[in-house]
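Scroll down for the structure; my scribbles are underneath it.
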Amino acid sequence: MKSKKKTKVSERLRAWDQSSFDLTDALELNPPLPKAPTPEDRESLPVIDRIEARQFAGFRKIYPWLAGLLGLVMSAFLLLGVLKLPPYGAADNPPHNEVMDRYVGEGMHETGAVNTVAGVILDYRAFDTLGESHVLYTAAAAVLILLLSSSRKGEEPPELRRIMEDDPILRNTAKVVVPFVLLFGVYIILNGHLGPGGGFAGGAILGGGLILYAIAFGYESLERLINDRSYRVTIAACLCFYSAAKCYSFYCGANGLETIFSTGTPGAILSAGLILPLNVAVGLVVALTMYGFYSVFQRGRI
Amino acid sequence: MLDSLWNNRIPAAAVLLFAVGFTTLLLHRNLLKKIIGLNIMDTAAYLFLASLGYIAGRKPPIITDGNTDPAAYANPLPAGLVLTGIVVSVSVTALMLALTLRLYRRYHTLDLDKIYMMARDEQEDET
Amino acid sequence: MNALDVFQLMLLGLVVICGVSACLTKNLLVSLIIFMAYSVIMSVIWVLLEAPDLAVTEAAVGAGISSILLFLTLKKLQDIRKEVRDEKQEEDEGL
């Protein structure tokens, strides 16, 4: 049986390599219902199946109590750990060491960002943020793969859409609110190095505004701006720009070279070197990804 | 003991929330409930991490008046780390929801045990 | 214990209650709404913890986008359920 399985796997791999692997068969609806296992093959079943086959009598009944007890024991142990922590909010706790002194004391001069958190995530620790952007992009790609192919016929029913678009309360509210939401998102993105916010928060707000617009007025008018092509091009361009900019600044910073991006006067809108363009790039990626999530979940395409 | 619990009230709440999320993961067989539980665990971990950066009586680390004395501001490092985590957790949530939709389209149930049984039966039919 | 401590304690209690009730509620829609409230309270707690960046991001991402995605999934599940029911009806009528 094992060799049989092996040949099957290798056959499948070959088929996948020749791209003749068709997943549409796996998508058929109405799978057959499970049948109860016969007594003779009960002994050979794995544990979870034997539980399902009622071999461990009463396990289902005591399972919730066991789970609750485990949760209680876990919280008790974690609380014991919390009791040994140094008092929260004290100035001489171990997290507040020389790293923090450096970030706060020198951050404004070295990165040009008034908001130290923006300086930390987009300059000192920009590698984290680069990886995070790629995580977001990979998640969006995986969601696209999972939901695009499955909904060939899964268009939104037209009558349902008409009801939503004709809702006067929603339309008039959206007419008033959407411009301000979009403006606020742009403000948060552009103001990332001067105050709270930055690319992620602003991008999420922009994406929320786009989603509200799509709910109230339908996709037709948005499709001229955001379609499959522009989505891919914009996200790829932003990520490439991000990677190139960070490669450049890591190379210059690590070698102590003079960079062509000066830090400017801290507090001015055009300051902080690369942080502002990076915030814009991250904001665009996040906004488009959030809108893409919505669109793919709602109707199966962007 | 109560005194040190009061001194660490935010980490204590974070730990409780973590246990609540963990118990939800164990107790519920509904996939959407499991996703909510995982999200609660996420936020609990972030709350714990962010509480480490708090210093009583200091301002948030935004230097508005040119005063760069580290003794005047809270710690910016945990906030930066948690900011990364929040966005990763929303990507993970979206991916889990997409997988849930696919599972529902195939098996017409959100119950993990039933899905497992059906998948195993299909596998047996294949071999 | 000043007023801010009381406020913080209230928020912590609310957040734990929201977490527990989001997990214990039977109705999925209700539990999603409670989860949304949980995110909003969490963002207020982050303002108290001197982390305004986190508060803005949590309010936009946790309470906004996550909840929208969860609601959409719930709606999509209902659509699939309806689709399956319609197909079954068509089959029955055909027979």
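Here, A, B, ... name the chains of the structure tokens in the order displayed, residue numbers run from 1 inside each chain, and ligands are numbered from 1 in the same displayed order.
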Report task. Fewer than 5 positions away in the same chain doesn't count, so skip those; otherwise give me all residues within 7 Å of Phe22 of chain B, counting only C-alpha atoms, as a PyMOL selection string. Result -> (chain A and resi 71) or (chain B and resi 37+41)
Can you check which residues of chain A have any atom within 10 Å of chain C? Use only C-alpha atoms and format it as a PDB file with N, CA and C atoms, in the first residue's frame.
ATOM      1  N   LEU A  29     -19.192  20.022  -5.616  1.00  0.00           N
ATOM      2  CA  LEU A  29     -20.014  20.210  -4.424  1.00  0.00           C
ATOM      3  C   LEU A  29     -20.559  18.859  -3.978  1.00  0.00           C
ATOM      4  N   ASN A  30     -21.282  18.865  -2.860  1.00  0.00           N
ATOM      5  CA  ASN A  30     -21.958  17.683  -2.338  1.00  0.00           C
ATOM      6  C   ASN A  30     -21.054  16.469  -2.211  1.00  0.00           C
ATOM      7  N   GLY A  89       5.359  49.719  34.788  1.00  0.00           N
ATOM      8  CA  GLY A  89       5.382  51.172  34.732  1.00  0.00           C
ATOM      9  C   GLY A  89       6.544  51.810  35.464  1.00  0.00           C
ATOM     10  N   ASN A 115       8.525  61.338  15.276  1.00  0.00           N
ATOM     11  CA  ASN A 115       7.879  60.191  15.915  1.00  0.00           C
ATOM     12  C   ASN A 115       8.895  59.058  16.011  1.00  0.00           C
ATOM     13  N   VAL A 117       8.727  56.078  17.116  1.00  0.00           N
ATOM     14  CA  VAL A 117       8.295  54.737  16.701  1.00  0.00           C
ATOM     15  C   VAL A 117       8.457  54.567  15.189  1.00  0.00           C
ATOM     16  N   ALA A 118       8.109  55.628  14.415  1.00  0.00           N
ATOM     17  CA  ALA A 118       8.283  55.555  12.966  1.00  0.00           C
ATOM     18  C   ALA A 118       9.760  55.414  12.625  1.00  0.00           C
ATOM     19  N   GLY A 154     -19.497  32.174  -8.975  1.00  0.00           N
ATOM     20  CA  GLY A 154     -19.942  32.740  -7.718  1.00  0.00           C
ATOM     21  C   GLY A 154     -20.115  34.243  -7.746  1.00  0.00           C
ATOM     22  N   GLU A 156     -21.904  37.808  -7.425  1.00  0.00           N
ATOM     23  CA  GLU A 156     -22.932  38.274  -6.496  1.00  0.00           C
ATOM     24  C   GLU A 156     -24.281  38.291  -7.204  1.00  0.00           C
ATOM     25  N   PRO A 157     -25.339  37.790  -6.575  1.00  0.00           N
ATOM     26  CA  PRO A 157     -26.645  37.841  -7.243  1.00  0.00           C
ATOM     27  C   PRO A 157     -27.040  39.287  -7.513  1.00  0.00           C
ATOM     28  N   GLY A 185      -7.022  59.161   5.804  1.00  0.00           N
ATOM     29  CA  GLY A 185      -6.030  58.127   5.526  1.00  0.00           C
ATOM     30  C   GLY A 185      -4.774  58.712   4.916  1.00  0.00           C
ATOM     31  N   ILE A 188      -2.830  60.535   7.571  1.00  0.00           N
ATOM     32  CA  ILE A 188      -2.112  59.638   8.491  1.00  0.00           C
ATOM     33  C   ILE A 188      -0.856  59.100   7.805  1.00  0.00           C
ATOM     34  N   GLY A 192       3.192  60.287   8.957  1.00  0.00           N
ATOM     35  CA  GLY A 192       3.683  59.175   9.760  1.00  0.00           C
ATOM     36  C   GLY A 192       4.928  59.481  10.544  1.00  0.00           C
ATOM     37  N   GLY A 195       3.756  62.277  13.600  1.00  0.00           N
ATOM     38  CA  GLY A 195       2.806  61.988  14.672  1.00  0.00           C
ATOM     39  C   GLY A 195       2.404  60.537  14.636  1.00  0.00           C
ATOM     40  N   PRO A 196       1.463  60.160  15.481  1.00  0.00           N
ATOM     41  CA  PRO A 196       1.044  58.754  15.490  1.00  0.00           C
ATOM     42  C   PRO A 196       0.450  58.354  14.150  1.00  0.00           C
ATOM     43  N   GLY A 197       0.672  57.117  13.775  1.00  0.00           N
ATOM     44  CA  GLY A 197       0.128  56.629  12.514  1.00  0.00           C
ATOM     45  C   GLY A 197       1.225  56.024  11.666  1.00  0.00           C
ATOM     46  N   GLY A 198       1.226  56.340  10.405  1.00  0.00           N
ATOM     47  CA  GLY A 198       2.206  55.766   9.503  1.00  0.00           C
ATOM     48  C   GLY A 198       1.547  54.957   8.421  1.00  0.00           C
ATOM     49  N   GLY A 199       2.364  54.238   7.687  1.00  0.00           N
ATOM     50  CA  GLY A 199       1.883  53.542   6.496  1.00  0.00           C
ATOM     51  C   GLY A 199       0.803  52.527   6.774  1.00  0.00           C
ATOM     52  N   PHE A 200       0.946  51.750   7.864  1.00  0.00           N
ATOM     53  CA  PHE A 200       0.001  50.657   8.088  1.00  0.00           C
ATOM     54  C   PHE A 200      -1.364  51.178   8.480  1.00  0.00           C
ATOM     55  N   ALA A 201      -1.391  52.071   9.467  1.00  0.00           N
ATOM     56  CA  ALA A 201      -2.677  52.594   9.917  1.00  0.00           C
ATOM     57  C   ALA A 201      -3.352  53.366   8.794  1.00  0.00           C
ATOM     58  N   GLY A 202      -2.581  54.257   8.135  1.00  0.00           N
ATOM     59  CA  GLY A 202      -3.168  55.052   7.064  1.00  0.00           C
ATOM     60  C   GLY A 202      -3.647  54.197   5.919  1.00  0.00           C
ATOM     61  N   GLY A 203      -2.855  53.168   5.578  1.00  0.00           N
ATOM     62  CA  GLY A 203      -3.267  52.281   4.500  1.00  0.00           C
ATOM     63  C   GLY A 203      -4.545  51.553   4.836  1.00  0.00           C
ATOM     64  N   ALA A 204      -4.665  51.118   6.105  1.00  0.00           N
ATOM     65  CA  ALA A 204      -5.890  50.423   6.503  1.00  0.00           C
ATOM     66  C   ALA A 204      -7.086  51.371   6.437  1.00  0.00           C
ATOM     67  N   ILE A 205      -6.889  52.653   6.829  1.00  0.00           N
ATOM     68  CA  ILE A 205      -8.000  53.608   6.771  1.00  0.00           C
ATOM     69  C   ILE A 205      -8.393  53.865   5.317  1.00  0.00           C
ATOM     70  N   LEU A 206      -7.373  54.034   4.436  1.00  0.00           N
ATOM     71  CA  LEU A 206      -7.656  54.222   3.013  1.00  0.00           C
ATOM     72  C   LEU A 206      -8.430  53.027   2.464  1.00  0.00           C
ATOM     73  N   GLY A 207      -7.955  51.812   2.826  1.00  0.00           N
ATOM     74  CA  GLY A 207      -8.640  50.601   2.359  1.00  0.00           C
ATOM     75  C   GLY A 207     -10.068  50.570   2.862  1.00  0.00           C
ATOM     76  N   GLY A 208     -10.273  50.980   4.137  1.00  0.00           N
ATOM     77  CA  GLY A 208     -11.634  51.021   4.673  1.00  0.00           C
ATOM     78  C   GLY A 208     -12.509  51.990   3.894  1.00  0.00           C
ATOM     79  N   ILE A 211     -13.453  50.425   0.649  1.00  0.00           N
ATOM     80  CA  ILE A 211     -14.444  49.371   0.847  1.00  0.00           C
ATOM     81  C   ILE A 211     -15.836  49.984   1.029  1.00  0.00           C
ATOM     82  N   MET A 290      -5.963  45.517   1.433  1.00  0.00           N
ATOM     83  CA  MET A 290      -7.211  45.452   2.192  1.00  0.00           C
ATOM     84  C   MET A 290      -8.403  45.488   1.250  1.00  0.00           C
ATOM     85  N   TYR A 291      -8.358  46.402   0.263  1.00  0.00           N
ATOM     86  CA  TYR A 291      -9.446  46.453  -0.709  1.00  0.00           C
ATOM     87  C   TYR A 291      -9.509  45.143  -1.494  1.00  0.00           C
ATOM     88  N   PHE A 293      -8.600  42.126  -0.433  1.00  0.00           N
ATOM     89  CA  PHE A 293      -9.220  41.126   0.440  1.00  0.00           C
ATOM     90  C   PHE A 293     -10.740  41.231   0.336  1.00  0.00           C
ATOM     91  N   TYR A 294     -11.236  42.472   0.485  1.00  0.00           N
ATOM     92  CA  TYR A 294     -12.691  42.671   0.462  1.00  0.00           C
ATOM     93  C   TYR A 294     -13.277  42.204  -0.859  1.00  0.00           C
ATOM     94  N   SER A 295     -12.659  42.671  -1.947  1.00  0.00           N
ATOM     95  CA  SER A 295     -13.230  42.383  -3.263  1.00  0.00           C
ATOM     96  C   SER A 295     -13.219  40.890  -3.546  1.00  0.00           C
ATOM     97  N   PHE A 297     -13.161  38.426  -1.308  1.00  0.00           N
ATOM     98  CA  PHE A 297     -14.128  37.734  -0.451  1.00  0.00           C
ATOM     99  C   PHE A 297     -15.543  37.956  -0.964  1.00  0.00           C
ATOM    100  N   GLN A 298     -15.813  39.176  -1.477  1.00  0.00           N
ATOM    101  CA  GLN A 298     -17.180  39.518  -1.843  1.00  0.00           C
ATOM    102  C   GLN A 298     -17.592  38.900  -3.164  1.00  0.00           C
ATOM    103  N   ARG A 299     -16.730  39.002  -4.201  1.00  0.00           N
ATOM    104  CA  ARG A 299     -17.201  38.562  -5.518  1.00  0.00           C
ATOM    105  C   ARG A 299     -16.199  37.690  -6.249  1.00  0.00           C
TER     106      ARG A 299
END
Requested in this report: Kindly determine which residues of chain B lie within 6 Å of chain A, considering only C-alpha atoms, and give the answer as a PyMOL selection string.
Outcome: chain B and resi 4-5+7-8+16+19+23+27+54-56+61-63+68-70+76+80+91+95+98+106+118
With N, CA and C atoms retained, could you export that selection as a PDB file, in the first residue's frame?
ATOM      1  N   SER B   4       1.178  42.782  44.533  1.00  0.00           N
ATOM      2  CA  SER B   4       1.980  42.631  43.317  1.00  0.00           C
ATOM      3  C   SER B   4       1.074  42.357  42.121  1.00  0.00           C
ATOM      4  N   LEU B   5      -0.107  41.761  42.376  1.00  0.00           N
ATOM      5  CA  LEU B   5      -1.071  41.600  41.274  1.00  0.00           C
ATOM      6  C   LEU B   5      -1.575  42.959  40.816  1.00  0.00           C
ATOM      7  N   ASN B   7       0.105  45.733  41.120  1.00  0.00           N
ATOM      8  CA  ASN B   7       1.200  46.408  40.438  1.00  0.00           C
ATOM      9  C   ASN B   7       1.347  45.942  38.999  1.00  0.00           C
ATOM     10  N   ASN B   8       0.894  44.715  38.729  1.00  0.00           N
ATOM     11  CA  ASN B   8       1.016  44.169  37.379  1.00  0.00           C
ATOM     12  C   ASN B   8      -0.349  43.894  36.775  1.00  0.00           C
ATOM     13  N   LEU B  16      -4.867  36.548  31.404  1.00  0.00           N
ATOM     14  CA  LEU B  16      -6.229  35.991  31.456  1.00  0.00           C
ATOM     15  C   LEU B  16      -6.813  35.885  30.052  1.00  0.00           C
ATOM     16  N   ALA B  19      -5.405  33.005  28.202  1.00  0.00           N
ATOM     17  CA  ALA B  19      -6.014  31.729  28.600  1.00  0.00           C
ATOM     18  C   ALA B  19      -7.406  31.596  28.016  1.00  0.00           C
ATOM     19  N   THR B  23      -8.495  28.543  25.627  1.00  0.00           N
ATOM     20  CA  THR B  23      -9.606  27.656  25.955  1.00  0.00           C
ATOM     21  C   THR B  23     -10.623  27.643  24.818  1.00  0.00           C
ATOM     22  N   LEU B  27     -12.134  24.446  23.085  1.00  0.00           N
ATOM     23  CA  LEU B  27     -13.525  24.084  23.354  1.00  0.00           C
ATOM     24  C   LEU B  27     -14.380  24.042  22.107  1.00  0.00           C
ATOM     25  N   TYR B  54       5.548  50.679  28.774  1.00  0.00           N
ATOM     26  CA  TYR B  54       4.937  51.807  29.471  1.00  0.00           C
ATOM     27  C   TYR B  54       5.781  52.212  30.663  1.00  0.00           C
ATOM     28  N   ILE B  55       5.990  53.515  30.812  1.00  0.00           N
ATOM     29  CA  ILE B  55       6.648  54.027  32.009  1.00  0.00           C
ATOM     30  C   ILE B  55       5.733  55.088  32.594  1.00  0.00           C
ATOM     31  N   ALA B  56       5.371  54.919  33.871  1.00  0.00           N
ATOM     32  CA  ALA B  56       4.368  55.782  34.477  1.00  0.00           C
ATOM     33  C   ALA B  56       4.817  57.236  34.456  1.00  0.00           C
ATOM     34  N   PRO B  61       6.470  58.548  22.904  1.00  0.00           N
ATOM     35  CA  PRO B  61       7.767  58.917  22.321  1.00  0.00           C
ATOM     36  C   PRO B  61       7.650  59.708  21.024  1.00  0.00           C
ATOM     37  N   ILE B  62       6.989  60.864  21.085  1.00  0.00           N
ATOM     38  CA  ILE B  62       6.937  61.754  19.930  1.00  0.00           C
ATOM     39  C   ILE B  62       7.543  63.085  20.365  1.00  0.00           C
ATOM     40  N   ILE B  63       8.691  63.410  19.760  1.00  0.00           N
ATOM     41  CA  ILE B  63       9.480  64.537  20.255  1.00  0.00           C
ATOM     42  C   ILE B  63       8.974  65.806  19.589  1.00  0.00           C
ATOM     43  N   THR B  68      15.267  65.920  23.712  1.00  0.00           N
ATOM     44  CA  THR B  68      15.626  64.540  23.392  1.00  0.00           C
ATOM     45  C   THR B  68      16.148  63.791  24.607  1.00  0.00           C
ATOM     46  N   ASP B  69      15.761  64.205  25.787  1.00  0.00           N
ATOM     47  CA  ASP B  69      16.182  63.492  26.989  1.00  0.00           C
ATOM     48  C   ASP B  69      15.386  62.192  27.107  1.00  0.00           C
ATOM     49  N   PRO B  70      16.056  61.014  27.103  1.00  0.00           N
ATOM     50  CA  PRO B  70      15.315  59.746  27.163  1.00  0.00           C
ATOM     51  C   PRO B  70      14.465  59.609  28.420  1.00  0.00           C
ATOM     52  N   PRO B  76       9.919  53.307  22.990  1.00  0.00           N
ATOM     53  CA  PRO B  76       9.307  53.135  21.668  1.00  0.00           C
ATOM     54  C   PRO B  76       9.464  51.738  21.091  1.00  0.00           C
ATOM     55  N   GLY B  80       6.929  49.547  18.448  1.00  0.00           N
ATOM     56  CA  GLY B  80       7.322  49.213  17.081  1.00  0.00           C
ATOM     57  C   GLY B  80       7.153  47.744  16.777  1.00  0.00           C
ATOM     58  N   SER B  91      -3.169  39.625   8.362  1.00  0.00           N
ATOM     59  CA  SER B  91      -2.947  38.778   7.175  1.00  0.00           C
ATOM     60  C   SER B  91      -3.274  37.333   7.478  1.00  0.00           C
ATOM     61  N   LEU B  95      -6.110  34.879   5.702  1.00  0.00           N
ATOM     62  CA  LEU B  95      -5.775  33.579   5.120  1.00  0.00           C
ATOM     63  C   LEU B  95      -6.631  32.476   5.742  1.00  0.00           C
ATOM     64  N   ALA B  98     -10.132  32.629   4.367  1.00  0.00           N
ATOM     65  CA  ALA B  98     -10.224  32.098   3.004  1.00  0.00           C
ATOM     66  C   ALA B  98     -10.227  30.574   3.033  1.00  0.00           C
ATOM     67  N   ARG B 106     -16.623  22.960   0.280  1.00  0.00           N
ATOM     68  CA  ARG B 106     -16.437  21.540  -0.044  1.00  0.00           C
ATOM     69  C   ARG B 106     -17.278  20.642   0.854  1.00  0.00           C
ATOM     70  N   MET B 118     -15.057  13.419   7.223  1.00  0.00           N
ATOM     71  CA  MET B 118     -15.348  13.347   5.784  1.00  0.00           C
ATOM     72  C   MET B 118     -14.065  13.240   4.978  1.00  0.00           C
TER      73      MET B 118
END
Query raised in the report: Just asking: which residues within segment 23-80 of chain B are helix (DSSP H, G or I) according to DSSP, as a ChimeraX atom specification?
Result: /B:23-27,31-52,70-72,76-80
**Report entry** Spatial neighbours of segment 10-20 of chain C, max dist 10 Å, only C-alpha atoms, sep filter under 5 positions, as a ChimeraX atom specification
**Finding:** /B:9-10,12-14,16-21,23-24,36-37,40-41,44 /C:4-5,25,31,33-42,44-45
